[in-house]
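Enquirer: Next comes my_file-v3.csv, CSV, C-alpha atoms:
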```
chain,number,residue,atom,x,y,z
D,268,MET,CA,0.0,0.0,0.0
D,269,ASN,CA,1.4,3.4,-1.1
D,270,LYS,CA,-1.3,5.5,0.5
D,271,GLN,CA,-0.4,8.0,3.2
D,272,SER,CA,-3.7,7.9,5.0
D,273,PHE,CA,-6.6,5.7,6.1
D,274,ASP,CA,-9.6,5.5,3.8
D,275,ILE,CA,-12.3,4.7,6.4
D,276,ILE,CA,-12.0,4.5,10.1
D,277,ILE,CA,-14.9,3.0,11.9
D,278,LEU,CA,-15.0,4.8,15.3
D,279,THR,CA,-17.1,3.0,17.8
D,280,GLY,CA,-17.7,2.1,21.4
D,281,ARG,CA,-20.4,2.8,24.0
D,282,ALA,CA,-22.3,6.1,23.9
D,283,GLY,CA,-20.2,8.4,26.0
D,284,ALA,CA,-17.0,6.5,25.6
D,285,GLY,CA,-15.1,9.4,24.2
D,286,LYS,CA,-15.5,9.2,20.5
D,287,SER,CA,-16.3,12.9,20.1
D,288,GLU,CA,-13.4,13.9,22.2
D,289,PHE,CA,-11.1,11.8,20.0
D,290,ILE,CA,-12.5,13.5,16.9
D,291,ASP,CA,-12.0,16.9,18.6
D,292,PHE,CA,-8.4,16.1,19.4
D,293,LEU,CA,-7.7,15.2,15.7
D,294,LYS,CA,-9.4,18.4,14.5
D,295,LYS,CA,-7.1,20.4,16.7
D,296,THR,CA,-4.0,18.6,15.4
D,297,PRO,CA,-2.3,20.6,12.6
D,298,LYS,CA,-3.1,19.0,9.2
D,299,GLU,CA,0.5,18.2,8.3
D,300,GLN,CA,1.2,16.6,11.7
D,301,ARG,CA,-2.1,14.7,11.6
D,302,LEU,CA,-1.3,13.2,8.2
D,303,GLU,CA,2.4,12.4,9.0
D,304,LYS,CA,1.8,11.0,12.5
D,305,TYR,CA,-1.7,9.6,12.5
D,306,HIS,CA,-2.2,9.0,8.8
D,307,VAL,CA,-5.5,10.9,8.8
D,308,GLY,CA,-6.0,13.4,6.0
D,309,ALA,CA,-8.6,16.1,5.8
D,310,PHE,CA,-11.7,14.2,7.0
D,311,GLU,CA,-15.4,14.1,7.3
D,312,GLU,CA,-17.7,12.2,9.7
D,313,LEU,CA,-20.7,10.0,9.2
D,314,ASP,CA,-22.5,9.9,12.6
D,315,ASP,CA,-25.8,8.0,12.8
D,316,PHE,CA,-26.7,9.9,16.1
D,317,VAL,CA,-27.5,12.9,13.9
D,318,TRP,CA,-29.7,10.8,11.6
D,319,ILE,CA,-31.6,9.2,14.5
D,320,TRP,CA,-32.2,12.7,16.0
D,321,ASN,CA,-33.5,14.0,12.7
D,322,MET,CA,-35.8,11.0,12.4
D,323,GLY,CA,-37.2,11.9,15.8
D,324,VAL,CA,-37.8,15.5,14.7
D,325,ASP,CA,-39.6,14.2,11.7
D,326,ASP,CA,-41.8,12.1,14.0
D,327,ASP,CA,-42.5,15.2,16.1
D,328,ILE,CA,-43.8,17.0,13.0
D,329,TRP,CA,-46.0,14.0,11.9
D,330,GLU,CA,-47.4,13.9,15.4
D,331,SER,CA,-48.2,17.7,15.3
D,332,LEU,CA,-50.2,17.0,12.2
D,333,GLY,CA,-52.3,14.4,14.0
D,334,LYS,CA,-50.5,11.4,12.6
D,335,GLU,CA,-48.8,8.5,14.4
D,336,ARG,CA,-45.1,8.6,15.0
D,337,LEU,CA,-43.3,6.3,12.5
D,338,HIS,CA,-40.0,5.3,14.1
D,339,THR,CA,-39.2,6.9,17.5
D,340,ILE,CA,-40.5,7.8,20.9
D,341,ASN,CA,-40.0,11.3,22.2
D,342,VAL,CA,-38.8,11.0,25.8
D,343,GLY,CA,-38.5,14.7,26.5
D,344,HIS,CA,-34.8,15.0,26.3
D,345,GLY,CA,-34.1,13.0,23.1
D,346,TYR,CA,-35.5,10.1,21.2
D,347,THR,CA,-35.5,6.3,21.6
D,348,GLU,CA,-36.6,3.8,19.0
D,349,SER,CA,-40.0,2.3,18.9
D,350,HIS,CA,-40.8,-1.3,17.8
D,351,ASP,CA,-40.4,-2.5,21.4
D,352,ARG,CA,-36.6,-2.0,21.1
D,353,ASP,CA,-36.1,-4.8,18.6
D,354,LEU,CA,-33.2,-2.8,17.1
D,355,LEU,CA,-34.8,-2.2,13.7
D,356,LEU,CA,-33.8,1.4,13.8
D,357,THR,CA,-30.2,0.5,14.7
D,358,ASP,CA,-30.0,-2.0,11.8
D,359,PHE,CA,-31.6,0.6,9.5
D,360,MET,CA,-28.9,3.2,10.4
D,361,THR,CA,-26.1,0.7,9.7
D,362,LYS,CA,-27.6,-0.1,6.3
D,363,LYS,CA,-28.0,3.6,5.6
D,364,MET,CA,-24.3,4.3,6.5
D,365,ASN,CA,-23.3,1.4,4.2
D,366,HIS,CA,-25.5,2.8,1.4
D,367,GLU,CA,-23.9,6.3,1.8
D,368,LEU,CA,-20.4,4.8,1.8
D,369,ILE,CA,-21.1,2.9,-1.4
D,370,SER,CA,-23.0,5.5,-3.3
D,371,HIS,CA,-21.3,8.7,-2.3
D,372,TYR,CA,-17.7,7.9,-1.3
D,373,LEU,CA,-16.5,4.6,-2.9
D,374,LYS,CA,-17.8,5.7,-6.3
D,375,ASN,CA,-15.6,8.7,-6.1
D,376,GLU,CA,-12.1,7.2,-6.1
D,377,LYS,CA,-10.4,10.5,-6.0
D,378,TYR,CA,-12.0,11.3,-2.6
D,379,PHE,CA,-9.6,9.0,-0.8
D,380,ASP,CA,-6.5,10.3,-2.5
D,381,GLU,CA,-6.3,13.1,0.1
D,382,ASN,CA,-9.2,12.5,2.5
D,383,SER,CA,-10.2,10.1,5.3
D,384,LEU,CA,-13.7,9.3,6.5
D,385,PHE,CA,-14.8,8.5,10.0
D,386,VAL,CA,-17.9,6.3,10.4
D,387,GLU,CA,-19.1,6.9,14.0
D,388,PHE,CA,-21.7,5.0,15.9
D,389,ALA,CA,-22.4,3.5,19.3
D,390,ARG,CA,-24.0,0.1,19.8
D,391,GLY,CA,-25.3,-2.1,22.6
D,392,GLY,CA,-26.7,-5.6,23.1
D,393,ASP,CA,-25.5,-9.2,23.1
D,394,ASP,CA,-24.4,-9.5,19.5
D,395,CYS,CA,-24.4,-5.8,18.5
D,396,PHE,CA,-21.0,-5.4,16.9
D,397,LYS,CA,-21.0,-8.7,15.1
D,398,LYS,CA,-24.3,-7.9,13.6
D,399,THR,CA,-23.3,-4.3,12.7
D,400,PHE,CA,-20.1,-5.3,10.9
D,401,ASP,CA,-22.0,-8.0,9.0
D,402,HIS,CA,-24.3,-5.2,7.6
D,403,PHE,CA,-21.4,-3.5,5.8
D,404,ASP,CA,-20.6,-4.6,2.2
D,405,LYS,CA,-17.3,-6.3,1.6
D,406,ASP,CA,-16.1,-3.3,-0.5
D,407,VAL,CA,-16.5,-1.1,2.5
D,408,LEU,CA,-14.7,-3.5,4.9
D,409,GLU,CA,-11.7,-3.8,2.6
D,410,ARG,CA,-11.2,0.0,2.9
D,411,ALA,CA,-11.8,0.2,6.6
D,412,ALA,CA,-10.2,-0.1,10.1
D,413,VAL,CA,-11.8,-0.1,13.5
D,414,PHE,CA,-10.9,2.2,16.3
D,415,PHE,CA,-12.7,1.1,19.4
D,416,ILE,CA,-12.8,3.3,22.5
D,417,ASP,CA,-13.5,1.4,25.6
D,418,ASN,CA,-14.7,2.4,29.1
D,419,THR,CA,-17.1,1.2,31.8
D,420,PRO,CA,-20.9,1.6,31.6
D,421,GLU,CA,-20.8,3.8,34.7
D,422,GLU,CA,-18.2,6.1,33.1
D,423,SER,CA,-20.0,6.3,29.8
D,424,GLU,CA,-23.2,7.4,31.6
D,425,ARG,CA,-21.4,10.0,33.7
D,426,ARG,CA,-19.8,11.5,30.6
D,427,ASN,CA,-23.0,11.5,28.7
D,428,GLU,CA,-24.7,13.6,31.3
D,429,ALA,CA,-21.7,15.8,31.9
D,430,ARG,CA,-21.2,16.8,28.3
D,431,TYR,CA,-24.9,17.7,28.1
D,432,GLN,CA,-24.9,19.8,31.3
D,433,ALA,CA,-21.9,21.7,30.1
D,434,LYS,CA,-24.1,23.1,27.3
D,435,ALA,CA,-21.2,23.3,24.9
D,436,GLU,CA,-23.2,25.1,22.2
D,437,ARG,CA,-22.0,24.9,18.6
D,438,SER,CA,-19.7,22.0,19.6
D,439,ILE,CA,-19.8,18.4,18.4
D,440,LEU,CA,-19.8,17.5,22.1
D,441,ALA,CA,-23.2,19.2,22.7
D,442,HIS,CA,-25.5,16.2,22.5
D,443,LYS,CA,-27.0,13.7,24.9
D,444,THR,CA,-28.1,10.1,24.5
D,445,PRO,CA,-31.3,9.5,26.5
D,446,GLU,CA,-31.0,7.6,29.7
D,447,GLU,CA,-33.4,5.0,28.4
D,448,ASN,CA,-30.8,4.2,25.7
D,449,MET,CA,-27.8,4.4,28.0
D,450,ILE,CA,-29.1,1.5,29.9
D,451,PHE,CA,-29.1,-0.5,26.7
D,452,TYR,CA,-25.5,0.4,26.0
D,453,ARG,CA,-24.3,-1.2,29.3
D,454,THR,CA,-23.6,-4.5,27.5
D,455,ASN,CA,-22.0,-5.4,24.2
D,456,ASP,CA,-20.1,-8.2,22.5
D,457,TRP,CA,-16.9,-6.4,21.7
D,458,ASN,CA,-14.5,-8.3,24.0
D,459,LYS,CA,-16.0,-11.6,23.0
D,460,LEU,CA,-15.7,-10.7,19.3
D,461,VAL,CA,-12.0,-9.8,19.6
D,462,ASP,CA,-11.2,-12.6,22.1
D,463,GLU,CA,-10.1,-10.0,24.7
D,464,LYS,CA,-7.3,-8.7,22.4
D,465,ARG,CA,-6.4,-5.1,22.2
D,466,SER,CA,-5.4,-5.2,18.6
D,467,GLY,CA,-5.5,-7.5,15.6
D,468,TYR,CA,-7.9,-8.5,12.8
D,469,LEU,CA,-11.5,-9.5,12.7
D,470,ASN,CA,-12.6,-11.8,9.9
D,471,VAL,CA,-15.7,-10.4,8.5
D,472,LYS,CA,-17.0,-11.8,5.2
D,473,GLY,CA,-13.6,-13.1,4.4
D,474,VAL,CA,-11.9,-9.7,5.0
D,475,ASN,CA,-9.2,-9.1,7.6
D,476,LEU,CA,-10.6,-6.0,9.3
D,477,PRO,CA,-7.9,-4.4,11.5
D,478,PHE,CA,-8.8,-3.1,14.9
D,479,VAL,CA,-7.4,-1.5,18.0
D,480,SER,CA,-9.0,-1.0,21.3
D,481,VAL,CA,-8.0,1.8,23.7
D,482,TRP,CA,-9.0,2.2,27.4
D,483,ASN,CA,-10.2,5.7,27.9
D,484,ILE,CA,-10.3,6.1,31.7
D,485,PRO,CA,-9.7,8.4,33.4
D,486,GLU,CA,-11.1,11.3,31.4
D,487,LEU,CA,-8.3,13.6,30.2
D,488,THR,CA,-8.3,17.3,29.4
D,489,ASP,CA,-4.6,18.0,29.0
D,490,PRO,CA,-3.7,17.8,25.2
D,491,LYS,CA,-0.3,16.2,25.9
D,492,GLN,CA,-1.9,13.4,28.0
D,493,ILE,CA,-4.6,12.9,25.3
D,494,GLU,CA,-1.9,12.6,22.7
D,495,GLU,CA,0.0,10.0,24.8
D,496,ARG,CA,-3.2,8.0,25.2
D,497,PHE,CA,-4.3,8.0,21.6
D,498,ALA,CA,-1.1,8.2,19.5
D,499,PRO,CA,0.2,4.6,20.1
D,500,PRO,CA,-3.1,2.8,19.2
D,501,VAL,CA,-3.6,5.0,16.0
D,502,ILE,CA,0.0,4.2,14.9
D,503,LYS,CA,-0.6,0.5,15.7
D,504,LEU,CA,-3.8,0.6,13.6
D,505,TRP,CA,-2.0,2.1,10.7
D,506,ASP,CA,0.5,-0.8,10.8
D,507,LEU,CA,-2.3,-3.3,10.8
D,508,TYR,CA,-4.1,-1.5,8.1
D,509,THR,CA,-1.1,-1.3,5.7
D,510,ASN,CA,0.0,-4.9,6.3
D,511,ARG,CA,-3.2,-6.9,6.2
```
Can you turn what I pasted into structure tokens?
Expert:
Amino acid sequence: MNKQSFDIIILTGRAGAGKSEFIDFLKKTPKEQRLEKYHVGAFEELDDFVWIWNMGVDDDIWESLGKERLHTINVGHGYTESHDRDLLLTDFMTKKMNHELISHYLKNEKYFDENSLFVEFARGGDDCFKKTFDHFDKDVLERAAVFFIDNTPEESERRNEARYQAKAERSILAHKTPEENMIFYRTNDWNKLVDEKRSGYLNVKGVNLPFVSVWNIPELTDPKQIEERFAPPVIKLWDLYTNR
């Protein structure tokens, strides 16, 4: 591989794990340094949190017109999915991300010459990550690597509430996952899926999908400490990505 940067980084973990903080850290890293050290070019983000929120707003509008809500329940401080939590909305969002990747990005080969793309989502449940990765097309998986940010359920819930209370307007951090959903994110199948390893490859549809997992406790605010935490796993992921 002669490329200088990742094509697609799947950024995932629990809600409140620190994904947005990692993105914010990269945005504050000068472009030349970010490309040379972290192999991340100019980048965009696909975040299904925004799509789910917009779907909830659409349901509010339908409801105001006297119609039934289609996909979500308004819990007053956000939205949770309907259908008795059978995860249809989660599956739909993964399929939508996959469609967007195929139709908008992979068809434009020149995009990845100088750009990287972050695909960001949180998942919960007994087989959530296995099921999610299986929803991506092979063509996407062959261009992707997984950066998993790990913490405890208690810490993710604390951060979720804290970032909301901070009211960081106009910031990517200014959102809140409803408590009803945070309960669901307490469990996942990540450690089982990777056999408790911190880095390596996942075999998905015959593709060696590189991954790293970084423990993100305690929460850091000092840029130097943040760099010391995130730099080694990003460098490791690049090594896996270029040598699969």
Enquirer: Report, in Å with one decimal, the straight-line distance from atom CA of Cys395 of chain D to atom CA of Leu460 of chain D.
Expert: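 Interatomic distance here is 10.0 Å.
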Enquirer: Could you pull the residues within 10 Å of segment 287-304 of chain D, counting all atoms listed in the file, minus those fewer than 6 positions along the same chain, as a PyMOL selection string?
Expert: chain D and resi 271-273+278+310+312+381-383+385+387+416+438-441+486-488+490+493-494+497-498+501-502+505
Enquirer: Check the smallest atom-to-atom distance from each of D:Leu313, D:Val474, D:Leu332, D:Ala282 to Leu384 of chain D using only C-alpha atoms, then report the winner.
Expert: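 Ranking D:Leu313, D:Val474, D:Leu332, D:Ala282 by distance to Leu384 of chain D, first place goes to D:Leu313.
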Enquirer: I'd like to know which of D:Arg410, D:His306, D:Lys491, D:Arg511 is closest to Tyr468 of chain D, using all atoms listed in the file.
Expert: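 With all atoms listed in the file as the atom set, the closest residue is D:Arg511.
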Enquirer: Step by step: start from the point (-23.4, 3.0, 8.8) in the file's coordinates, keep every protein, DNA or RNA residue that has an atom no farther than 9 Å from it, count all atoms listed in the file, and write the set as a PyMOL selection string.
Expert: chain D and resi 313-315+358-368+386-388+399+402-403
Enquirer: One number please: atom CA of Gly467 of chain D to atom CA of Tyr508 of chain D, in Å, one decimal.
Expert: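 Going from atom CA of Gly467 of chain D over to atom CA of Tyr508 of chain D, I get 9.7 Å.
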Enquirer: Identify which of the residues D:Asn475, D:Gln492, D:Ser423, D:Asn483 lies closest to Thr509 of chain D, counting only C-alpha atoms when measuring atom-to-atom distances.
Expert: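 Residue with the minimum atom-to-atom distance to Thr509 of chain D: D:Asn475.
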Enquirer: Which residue out of D:Asn510, D:Asn470, D:Asn418, D:Thr339 has the minimum interatomic distance to Pro485 of chain D when all atoms listed in the file are used?
Expert: D:Asn418
